[in-house]
Amino acid sequence: MKQRLLFIDRDGTLIEEPADEQIDSFEKLKFTRGVFNSLAFIRQHTDFRFVMVSNQDGLGTDSFPEDTFWPVHNFIIQTLESEGITFDEQLIDRHFPEDNSPMRKPGTGMLCHYIDNPEFDLENSYVIGDRDTDRQLAENLGCKALILDNEGMDWHRIAELLFAGERTAEVHRTTHETDILVKLNLDGNGHCDINTGLGFFDHMLEQIGRHGMMDLTIHAKGDLHVDEHHTIEDTALALGECLNKALGDKRGIERYGFALPMDDCLCQVALDFGGRPWLIWNAEFHRERIGEMPTEMFLHFFKSLSDAARMNLNIQATGENEHHKIEGIFKALARALRMAVRRDIQHFQLPSTKGTL
């Protein structure tokens, strides 16, 4: 089996980076939050080869003497080793950016022995870093990138993805009446690209992605010249199937989720990814339409979603404003999904006494 690799940045990734971007004293040294537990878990539970790849601008010059670098660096390595975190290789480039050296990230000069080498699986390897140069390095190597940021990618999440895998799925559903494409990343950041031809429906579906912190793409072409029924129903079926596929074997998930208020409305969505679809619907609407969407289709949407996702769905809503009521339901669904699909890699087992879901 080919060896997978983690190309791990140092400054800003293993340790926090100061304003002057130079860790040349112990006073400036601070490890990033979660790095010890997460990297130790990855080292213990996966087979990745650990390779440190770091730019240290001008190391060995008057502006950055070696005797200010190595004591701190060696302490970093020793501290990580004490937590069970060892590196198979350390690669440090000393060039300044203006040198345009191929050895400097995002150049791959230091990593030539990994490229086109049949021993290594670059396609399923990762660069872990905190900058665009780390992302570019991943592209240049032909591997994936995990970039620490403010959108939810932290060391805990990195450990989860590397241990338990990415949870993505794609469903393309075509009938004589509709052509629906759904792409889903359960561990995304809430990025949405949604176009069904029904503006209000798009707005509701976007709530699922944004409030569920899932990357969601839905492109739907349907026979809207007839009516909205087929587009709404088939979108629900494709989205439900996508959810079911992305969850995989469901090991480690929380399984259950629920609810929120919105202005004058109280919307409660309880769900269970137990594999037995069921819908309880207690929500009344007194307008025929909200936007271009018939209110009679709300029940139909959630029934189709529940069936295709194989989830038990219990929805209750009260309030006066019809727009707030249905938007609250979609937001509550999103929050319930976000809670239910959360994984615990420390207890990576099926959340069921039956042994199957």
# chains A, B, ... in the order shown; residues from 1 in each chain; ligands from 1
$ residues_around --residues "Leu247 of chain A" --least-positions-apart "5" --cutoff "10 Å" --atoms "only C-alpha atoms" --output "number ranges by chain"
A: 166-169, 185-186, 242, 253, 273, 309, 341
$ closest_atom_pairs --of "segment 173-226 of chain A" --to "segment 335-340 of chain A" --cutoff "7 Å" --atoms "only C-alpha atoms" --output "CSV"
residue,atom,partner,partner_atom,distance
A:His211,CA,A:Arg335,CA,6.0
A:Gly212,CA,A:Arg338,CA,4.6
A:Met213,CA,A:Arg338,CA,6.7
$ write_last_selection --atoms "N, CA and C atoms" --output "tab-separated table (two decimals), in the first residue's frame"
chain	number	residue	atom	x	y	z
A	211	HIS	N	-26.95	27.57	8.02
A	211	HIS	CA	-27.14	27.32	9.44
A	211	HIS	C	-26.72	25.90	9.84
A	212	GLY	N	-26.64	25.01	8.86
A	212	GLY	CA	-26.16	23.66	9.14
A	212	GLY	C	-24.66	23.53	8.98
A	213	MET	N	-23.99	24.61	8.55
A	213	MET	CA	-22.55	24.61	8.29
A	213	MET	C	-22.17	23.48	7.34
$ residues_around --residues "Glu327 of chain A" --least-positions-apart "4" --cutoff "8 Å" --atoms "only C-alpha atoms" --output "PyMOL selection string"
chain A and resi 204+207+323+331
$ write_last_selection --atoms "all heavy atoms" --output "PDB file, in the first residue's frame"
ATOM      1  N   MET A 204     -34.955  29.246   1.175  1.00  0.00           N
ATOM      2  CA  MET A 204     -35.157  28.267   2.235  1.00  0.00           C
ATOM      3  C   MET A 204     -34.050  27.211   2.225  1.00  0.00           C
ATOM      4  O   MET A 204     -33.519  26.828   3.270  1.00  0.00           O
ATOM      5  CB  MET A 204     -36.517  27.583   2.082  1.00  0.00           C
ATOM      6  CG  MET A 204     -37.719  28.503   2.300  1.00  0.00           C
ATOM      7  SD  MET A 204     -37.761  29.223   3.965  1.00  0.00           S
ATOM      8  CE  MET A 204     -37.064  30.850   3.653  1.00  0.00           C
ATOM      9  N   GLN A 207     -30.866  28.211   3.849  1.00  0.00           N
ATOM     10  CA  GLN A 207     -30.843  28.153   5.315  1.00  0.00           C
ATOM     11  C   GLN A 207     -30.226  26.837   5.786  1.00  0.00           C
ATOM     12  O   GLN A 207     -29.522  26.790   6.806  1.00  0.00           O
ATOM     13  CB  GLN A 207     -32.264  28.286   5.889  1.00  0.00           C
ATOM     14  CG  GLN A 207     -33.050  29.496   5.416  1.00  0.00           C
ATOM     15  CD  GLN A 207     -32.297  30.800   5.606  1.00  0.00           C
ATOM     16  OE1 GLN A 207     -31.747  31.070   6.674  1.00  0.00           O
ATOM     17  NE2 GLN A 207     -32.279  31.606   4.559  1.00  0.00           N
ATOM     18  N   HIS A 323     -44.243  33.675   6.581  1.00  0.00           N
ATOM     19  CA  HIS A 323     -42.853  33.665   6.113  1.00  0.00           C
ATOM     20  C   HIS A 323     -41.913  33.262   7.253  1.00  0.00           C
ATOM     21  O   HIS A 323     -41.053  32.391   7.099  1.00  0.00           O
ATOM     22  CB  HIS A 323     -42.476  35.057   5.569  1.00  0.00           C
ATOM     23  CG  HIS A 323     -41.098  35.133   4.994  1.00  0.00           C
ATOM     24  ND1 HIS A 323     -40.845  35.696   3.768  1.00  0.00           N
ATOM     25  CD2 HIS A 323     -39.884  34.731   5.465  1.00  0.00           C
ATOM     26  CE1 HIS A 323     -39.542  35.633   3.513  1.00  0.00           C
ATOM     27  NE2 HIS A 323     -38.933  35.062   4.538  1.00  0.00           N
ATOM     28  N   LYS A 331     -34.589  26.772   9.270  1.00  0.00           N
ATOM     29  CA  LYS A 331     -33.427  27.052  10.109  1.00  0.00           C
ATOM     30  C   LYS A 331     -33.312  26.035  11.246  1.00  0.00           C
ATOM     31  O   LYS A 331     -32.211  25.598  11.585  1.00  0.00           O
ATOM     32  CB  LYS A 331     -33.522  28.473  10.682  1.00  0.00           C
ATOM     33  CG  LYS A 331     -33.229  29.571   9.669  1.00  0.00           C
ATOM     34  CD  LYS A 331     -33.339  30.947  10.294  1.00  0.00           C
ATOM     35  CE  LYS A 331     -32.964  32.033   9.291  1.00  0.00           C
ATOM     36  NZ  LYS A 331     -33.121  33.395   9.848  1.00  0.00           N
TER      37      LYS A 331
END
$ residues_around --residues "segment 147-151 of chain A" --least-positions-apart "5" --cutoff "6 Å" --atoms "only C-alpha atoms" --output "list in words"
Ile128, Gly129 and Asp130 of chain A
$ residues_around --residues "Arg104 of chain A" --least-positions-apart "4" --cutoff "7 Å" --atoms "only C-alpha atoms" --output "list in words"
Asn55, Asp93 and His95 of chain A
$ write_last_selection --atoms "N, CA, C and O atoms" --output "short mmCIF file (atom, residue, chain, number, x, y, z; two decimals), in the first residue's frame"
data_model
loop_
_atom_site.label_atom_id
_atom_site.label_comp_id
_atom_site.auth_asym_id
_atom_site.auth_seq_id
_atom_site.Cartn_x
_atom_site.Cartn_y
_atom_site.Cartn_z
N ASN A 55 9.17 27.67 5.69
CA ASN A 55 9.99 28.78 5.19
C ASN A 55 10.51 29.57 6.38
O ASN A 55 9.72 30.01 7.22
N ASP A 93 13.45 25.80 4.50
CA ASP A 93 14.07 26.63 3.45
C ASP A 93 14.45 27.99 4.02
O ASP A 93 13.70 28.59 4.78
N HIS A 95 15.51 30.75 2.04
CA HIS A 95 15.50 31.84 1.06
C HIS A 95 14.51 32.94 1.44
O HIS A 95 13.49 32.70 2.09
#
$ closest_residue --among "A:Leu260, A:Leu333, A:Val226, A:Leu14" --to "Asn37 of chain A" --atoms "only C-alpha atoms"
A:Leu14
$ residues_around --residues "Ser38 of chain A" --least-positions-apart "6" --cutoff "8 Å" --atoms "only C-alpha atoms" --output "list of chain:residue names"
A:Trp155, A:His156, A:Ile158, A:Ala159
$ write_last_selection --atoms "C-alpha atoms" --output "PDB file, in the first residue's frame"
ATOM      1  CA  TRP A 155      -6.876  21.191  14.758  1.00  0.00           C
ATOM      2  CA  HIS A 156      -9.806  19.230  16.207  1.00  0.00           C
ATOM      3  CA  ILE A 158      -8.394  18.348  11.011  1.00  0.00           C
ATOM      4  CA  ALA A 159      -7.970  15.303  13.253  1.00  0.00           C
TER       5      ALA A 159
END
$ residues_around --residues "Ile315 of chain A" --least-positions-apart "5" --cutoff "10 Å" --atoms "only C-alpha atoms" --output "compact mmCIF listing (two decimals) with N, CA and C atoms, in the first residue's frame"
# COMPACT_ATOMS: atom_id res chain seq x y z
N PHE A 258 -32.38 18.94 17.31
CA PHE A 258 -33.63 19.71 17.46
C PHE A 258 -33.48 21.19 17.20
N ALA A 259 -34.05 22.61 17.66
CA ALA A 259 -35.10 23.66 17.61
C ALA A 259 -34.79 25.16 17.81
N CYS A 267 -40.42 27.28 16.31
CA CYS A 267 -40.30 26.17 15.36
C CYS A 267 -39.41 25.09 15.97
N GLN A 268 -39.95 23.90 16.05
CA GLN A 268 -39.22 22.78 16.64
C GLN A 268 -39.06 21.66 15.61
N VAL A 269 -37.81 21.28 15.39
CA VAL A 269 -37.52 20.18 14.48
C VAL A 269 -36.68 19.16 15.24
N ALA A 270 -37.24 18.02 15.52
CA ALA A 270 -36.50 16.92 16.13
C ALA A 270 -36.29 15.85 15.07
N LEU A 271 -35.07 15.30 15.02
CA LEU A 271 -34.80 14.29 14.00
C LEU A 271 -33.93 13.18 14.55
N LEU A 279 -42.47 10.96 9.33
CA LEU A 279 -42.69 12.40 9.43
C LEU A 279 -43.91 12.69 10.28
N ILE A 280 -43.73 13.54 11.27
CA ILE A 280 -44.84 14.14 12.01
C ILE A 280 -44.83 15.62 11.68
N TRP A 281 -45.94 16.16 11.19
CA TRP A 281 -46.02 17.54 10.71
C TRP A 281 -47.15 18.26 11.42
N ASN A 282 -46.80 19.19 12.30
CA ASN A 282 -47.79 20.01 12.98
C ASN A 282 -47.49 21.48 12.71
N ALA A 283 -47.87 21.92 11.53
CA ALA A 283 -47.67 23.32 11.13
C ALA A 283 -48.75 23.68 10.11
N LEU A 299 -45.25 20.44 3.37
CA LEU A 299 -45.39 19.09 3.90
C LEU A 299 -44.78 18.07 2.95
N PHE A 302 -40.86 18.01 3.07
CA PHE A 302 -40.27 17.36 4.23
C PHE A 302 -40.56 15.86 4.27
N ILE A 329 -38.72 26.98 10.39
CA ILE A 329 -38.67 25.52 10.27
C ILE A 329 -37.40 25.09 9.55
N ALA A 332 -34.45 25.67 11.82
CA ALA A 332 -34.43 24.66 12.88
C ALA A 332 -33.97 23.32 12.33
N LEU A 333 -34.40 23.00 11.10
CA LEU A 333 -33.93 21.77 10.46
C LEU A 333 -32.42 21.81 10.30
$ select_by_dssp --residues "segment 266-349 of chain A" --states "strand (DSSP E)" --output "PyMOL selection string"
chain A and resi 266-272+278-282+289-290+293-294+312-318
$ write_last_selection --atoms "N, CA and C atoms" --output "PDB file, in the first residue's frame"
ATOM      1  N   LEU A 266     -42.411  29.893  16.999  1.00  0.00           N
ATOM      2  CA  LEU A 266     -41.584  28.877  17.655  1.00  0.00           C
ATOM      3  C   LEU A 266     -41.595  27.650  16.760  1.00  0.00           C
ATOM      4  N   CYS A 267     -40.420  27.278  16.309  1.00  0.00           N
ATOM      5  CA  CYS A 267     -40.296  26.174  15.363  1.00  0.00           C
ATOM      6  C   CYS A 267     -39.414  25.089  15.967  1.00  0.00           C
ATOM      7  N   GLN A 268     -39.948  23.896  16.049  1.00  0.00           N
ATOM      8  CA  GLN A 268     -39.216  22.777  16.637  1.00  0.00           C
ATOM      9  C   GLN A 268     -39.061  21.664  15.613  1.00  0.00           C
ATOM     10  N   VAL A 269     -37.814  21.278  15.389  1.00  0.00           N
ATOM     11  CA  VAL A 269     -37.525  20.180  14.482  1.00  0.00           C
ATOM     12  C   VAL A 269     -36.679  19.162  15.237  1.00  0.00           C
ATOM     13  N   ALA A 270     -37.242  18.017  15.519  1.00  0.00           N
ATOM     14  CA  ALA A 270     -36.499  16.921  16.135  1.00  0.00           C
ATOM     15  C   ALA A 270     -36.286  15.851  15.071  1.00  0.00           C
ATOM     16  N   LEU A 271     -35.068  15.300  15.022  1.00  0.00           N
ATOM     17  CA  LEU A 271     -34.804  14.294  13.997  1.00  0.00           C
ATOM     18  C   LEU A 271     -33.928  13.180  14.550  1.00  0.00           C
ATOM     19  N   ASP A 272     -33.969  12.076  13.846  1.00  0.00           N
ATOM     20  CA  ASP A 272     -33.184  10.900  14.219  1.00  0.00           C
ATOM     21  C   ASP A 272     -32.739  10.209  12.937  1.00  0.00           C
ATOM     22  N   TRP A 278     -39.824   8.641   8.940  1.00  0.00           N
ATOM     23  CA  TRP A 278     -41.161   8.932   9.474  1.00  0.00           C
ATOM     24  C   TRP A 278     -41.285  10.444   9.550  1.00  0.00           C
ATOM     25  N   LEU A 279     -42.472  10.962   9.325  1.00  0.00           N
ATOM     26  CA  LEU A 279     -42.688  12.403   9.429  1.00  0.00           C
ATOM     27  C   LEU A 279     -43.914  12.687  10.275  1.00  0.00           C
ATOM     28  N   ILE A 280     -43.726  13.543  11.270  1.00  0.00           N
ATOM     29  CA  ILE A 280     -44.841  14.141  12.006  1.00  0.00           C
ATOM     30  C   ILE A 280     -44.831  15.624  11.675  1.00  0.00           C
ATOM     31  N   TRP A 281     -45.938  16.161  11.187  1.00  0.00           N
ATOM     32  CA  TRP A 281     -46.016  17.541  10.707  1.00  0.00           C
ATOM     33  C   TRP A 281     -47.154  18.259  11.423  1.00  0.00           C
ATOM     34  N   ASN A 282     -46.797  19.194  12.295  1.00  0.00           N
ATOM     35  CA  ASN A 282     -47.792  20.012  12.982  1.00  0.00           C
ATOM     36  C   ASN A 282     -47.493  21.479  12.710  1.00  0.00           C
ATOM     37  N   ARG A 289     -49.599  30.852  -1.036  1.00  0.00           N
ATOM     38  CA  ARG A 289     -48.218  30.871  -1.504  1.00  0.00           C
ATOM     39  C   ARG A 289     -47.376  31.780  -0.621  1.00  0.00           C
ATOM     40  N   ILE A 290     -46.090  31.462  -0.549  1.00  0.00           N
ATOM     41  CA  ILE A 290     -45.086  32.394  -0.028  1.00  0.00           C
ATOM     42  C   ILE A 290     -44.033  32.499  -1.114  1.00  0.00           C
ATOM     43  N   MET A 293     -43.684  29.752  -3.978  1.00  0.00           N
ATOM     44  CA  MET A 293     -43.794  28.393  -3.446  1.00  0.00           C
ATOM     45  C   MET A 293     -45.160  28.147  -2.824  1.00  0.00           C
ATOM     46  N   PRO A 294     -45.912  27.171  -3.319  1.00  0.00           N
ATOM     47  CA  PRO A 294     -47.203  26.845  -2.725  1.00  0.00           C
ATOM     48  C   PRO A 294     -47.002  26.283  -1.320  1.00  0.00           C
ATOM     49  N   ASN A 312     -36.131  10.011  10.817  1.00  0.00           N
ATOM     50  CA  ASN A 312     -37.364  10.316  11.531  1.00  0.00           C
ATOM     51  C   ASN A 312     -37.390  11.825  11.749  1.00  0.00           C
ATOM     52  N   LEU A 313     -38.446  12.477  11.305  1.00  0.00           N
ATOM     53  CA  LEU A 313     -38.518  13.934  11.328  1.00  0.00           C
ATOM     54  C   LEU A 313     -39.819  14.360  12.003  1.00  0.00           C
ATOM     55  N   ASN A 314     -39.689  15.138  13.087  1.00  0.00           N
ATOM     56  CA  ASN A 314     -40.860  15.622  13.822  1.00  0.00           C
ATOM     57  C   ASN A 314     -40.809  17.145  13.809  1.00  0.00           C
ATOM     58  N   ILE A 315     -41.802  17.768  13.146  1.00  0.00           N
ATOM     59  CA  ILE A 315     -41.802  19.220  12.939  1.00  0.00           C
ATOM     60  C   ILE A 315     -43.057  19.827  13.541  1.00  0.00           C
ATOM     61  N   GLN A 316     -42.845  20.858  14.377  1.00  0.00           N
ATOM     62  CA  GLN A 316     -43.959  21.601  14.950  1.00  0.00           C
ATOM     63  C   GLN A 316     -43.640  23.089  14.875  1.00  0.00           C
ATOM     64  N   ALA A 317     -44.637  23.885  14.523  1.00  0.00           N
ATOM     65  CA  ALA A 317     -44.423  25.327  14.420  1.00  0.00           C
ATOM     66  C   ALA A 317     -45.700  26.070  14.766  1.00  0.00           C
ATOM     67  N   THR A 318     -45.539  27.156  15.533  1.00  0.00           N
ATOM     68  CA  THR A 318     -46.655  28.037  15.856  1.00  0.00           C
ATOM     69  C   THR A 318     -46.226  29.472  15.582  1.00  0.00           C
TER      70      THR A 318
END
$ closest_residue --among "A:Pro71, A:Gly60, A:Gly328, A:Gly152" --to "Leu29 of chain A" --atoms "only C-alpha atoms"
A:Pro71
$ decode --residues "segment 276-356 of chain A" --atoms "C-alpha atoms" --output "short mmCIF file (atom, residue, chain, number, x, y, z; two decimals), in the first residue's frame"
data_model
loop_
_atom_site.label_atom_id
_atom_site.label_comp_id
_atom_site.auth_asym_id
_atom_site.auth_seq_id
_atom_site.Cartn_x
_atom_site.Cartn_y
_atom_site.Cartn_z
CA ARG A 276 -36.45 4.47 9.81
CA PRO A 277 -38.12 7.32 7.89
CA TRP A 278 -41.16 8.93 9.47
CA LEU A 279 -42.69 12.40 9.43
CA ILE A 280 -44.84 14.14 12.01
CA TRP A 281 -46.02 17.54 10.71
CA ASN A 282 -47.79 20.01 12.98
CA ALA A 283 -47.67 23.32 11.13
CA GLU A 284 -50.58 25.14 9.51
CA PHE A 285 -50.33 27.80 6.80
CA HIS A 286 -53.17 30.09 5.81
CA ARG A 287 -51.66 31.68 2.72
CA GLU A 288 -51.76 29.83 -0.58
CA ARG A 289 -48.22 30.87 -1.50
CA ILE A 290 -45.09 32.39 -0.03
CA GLY A 291 -43.10 33.81 -2.88
CA GLU A 292 -43.47 31.37 -5.78
CA MET A 293 -43.79 28.39 -3.45
CA PRO A 294 -47.20 26.84 -2.72
CA THR A 295 -47.58 26.32 1.01
CA GLU A 296 -49.18 22.92 0.36
CA MET A 297 -45.75 21.77 -0.87
CA PHE A 298 -44.03 22.34 2.48
CA LEU A 299 -45.39 19.09 3.90
CA HIS A 300 -44.56 17.28 0.68
CA PHE A 301 -40.98 18.57 0.71
CA PHE A 302 -40.27 17.36 4.23
CA LYS A 303 -41.98 14.00 3.63
CA SER A 304 -39.82 13.38 0.56
CA LEU A 305 -36.70 14.54 2.40
CA SER A 306 -37.41 12.26 5.35
CA ASP A 307 -38.01 9.24 3.12
CA ALA A 308 -34.87 9.71 1.01
CA ALA A 309 -32.59 10.53 3.97
CA ARG A 310 -34.04 7.63 5.99
CA MET A 311 -34.61 9.88 8.99
CA ASN A 312 -37.36 10.32 11.53
CA LEU A 313 -38.52 13.93 11.33
CA ASN A 314 -40.86 15.62 13.82
CA ILE A 315 -41.80 19.22 12.94
CA GLN A 316 -43.96 21.60 14.95
CA ALA A 317 -44.42 25.33 14.42
CA THR A 318 -46.65 28.04 15.86
CA GLY A 319 -46.91 31.75 15.05
CA GLU A 320 -48.68 34.33 12.93
CA ASN A 321 -46.23 35.37 10.22
CA GLU A 322 -46.26 32.69 7.54
CA HIS A 323 -42.85 33.66 6.11
CA HIS A 324 -41.24 33.57 9.56
CA LYS A 325 -42.89 30.25 10.31
CA ILE A 326 -41.51 28.35 7.32
CA GLU A 327 -38.11 30.06 7.47
CA GLY A 328 -37.92 29.15 11.15
CA ILE A 329 -38.67 25.52 10.27
CA PHE A 330 -35.87 25.42 7.69
CA LYS A 331 -33.43 27.05 10.11
CA ALA A 332 -34.43 24.66 12.88
CA LEU A 333 -33.93 21.77 10.46
CA ALA A 334 -30.46 23.09 9.64
CA ARG A 335 -29.50 23.37 13.30
CA ALA A 336 -30.89 19.92 14.01
CA LEU A 337 -28.86 18.49 11.11
CA ARG A 338 -25.74 20.29 12.31
CA MET A 339 -26.14 18.74 15.74
CA ALA A 340 -27.06 15.26 14.55
CA VAL A 341 -24.22 14.82 12.01
CA ARG A 342 -21.51 16.01 14.42
CA ARG A 343 -18.90 13.27 14.92
CA ASP A 344 -17.01 12.24 18.03
CA ILE A 345 -13.79 10.52 16.96
CA GLN A 346 -13.01 9.60 20.56
CA HIS A 347 -16.14 7.41 20.56
CA PHE A 348 -16.15 6.27 16.95
CA GLN A 349 -18.92 3.72 17.03
CA LEU A 350 -22.49 3.34 15.87
CA PRO A 351 -24.88 5.26 18.17
CA SER A 352 -27.20 2.27 18.48
CA THR A 353 -27.52 -0.81 20.65
CA LYS A 354 -28.72 -2.69 17.57
CA GLY A 355 -25.31 -2.53 15.90
CA THR A 356 -26.77 -1.04 12.72
#
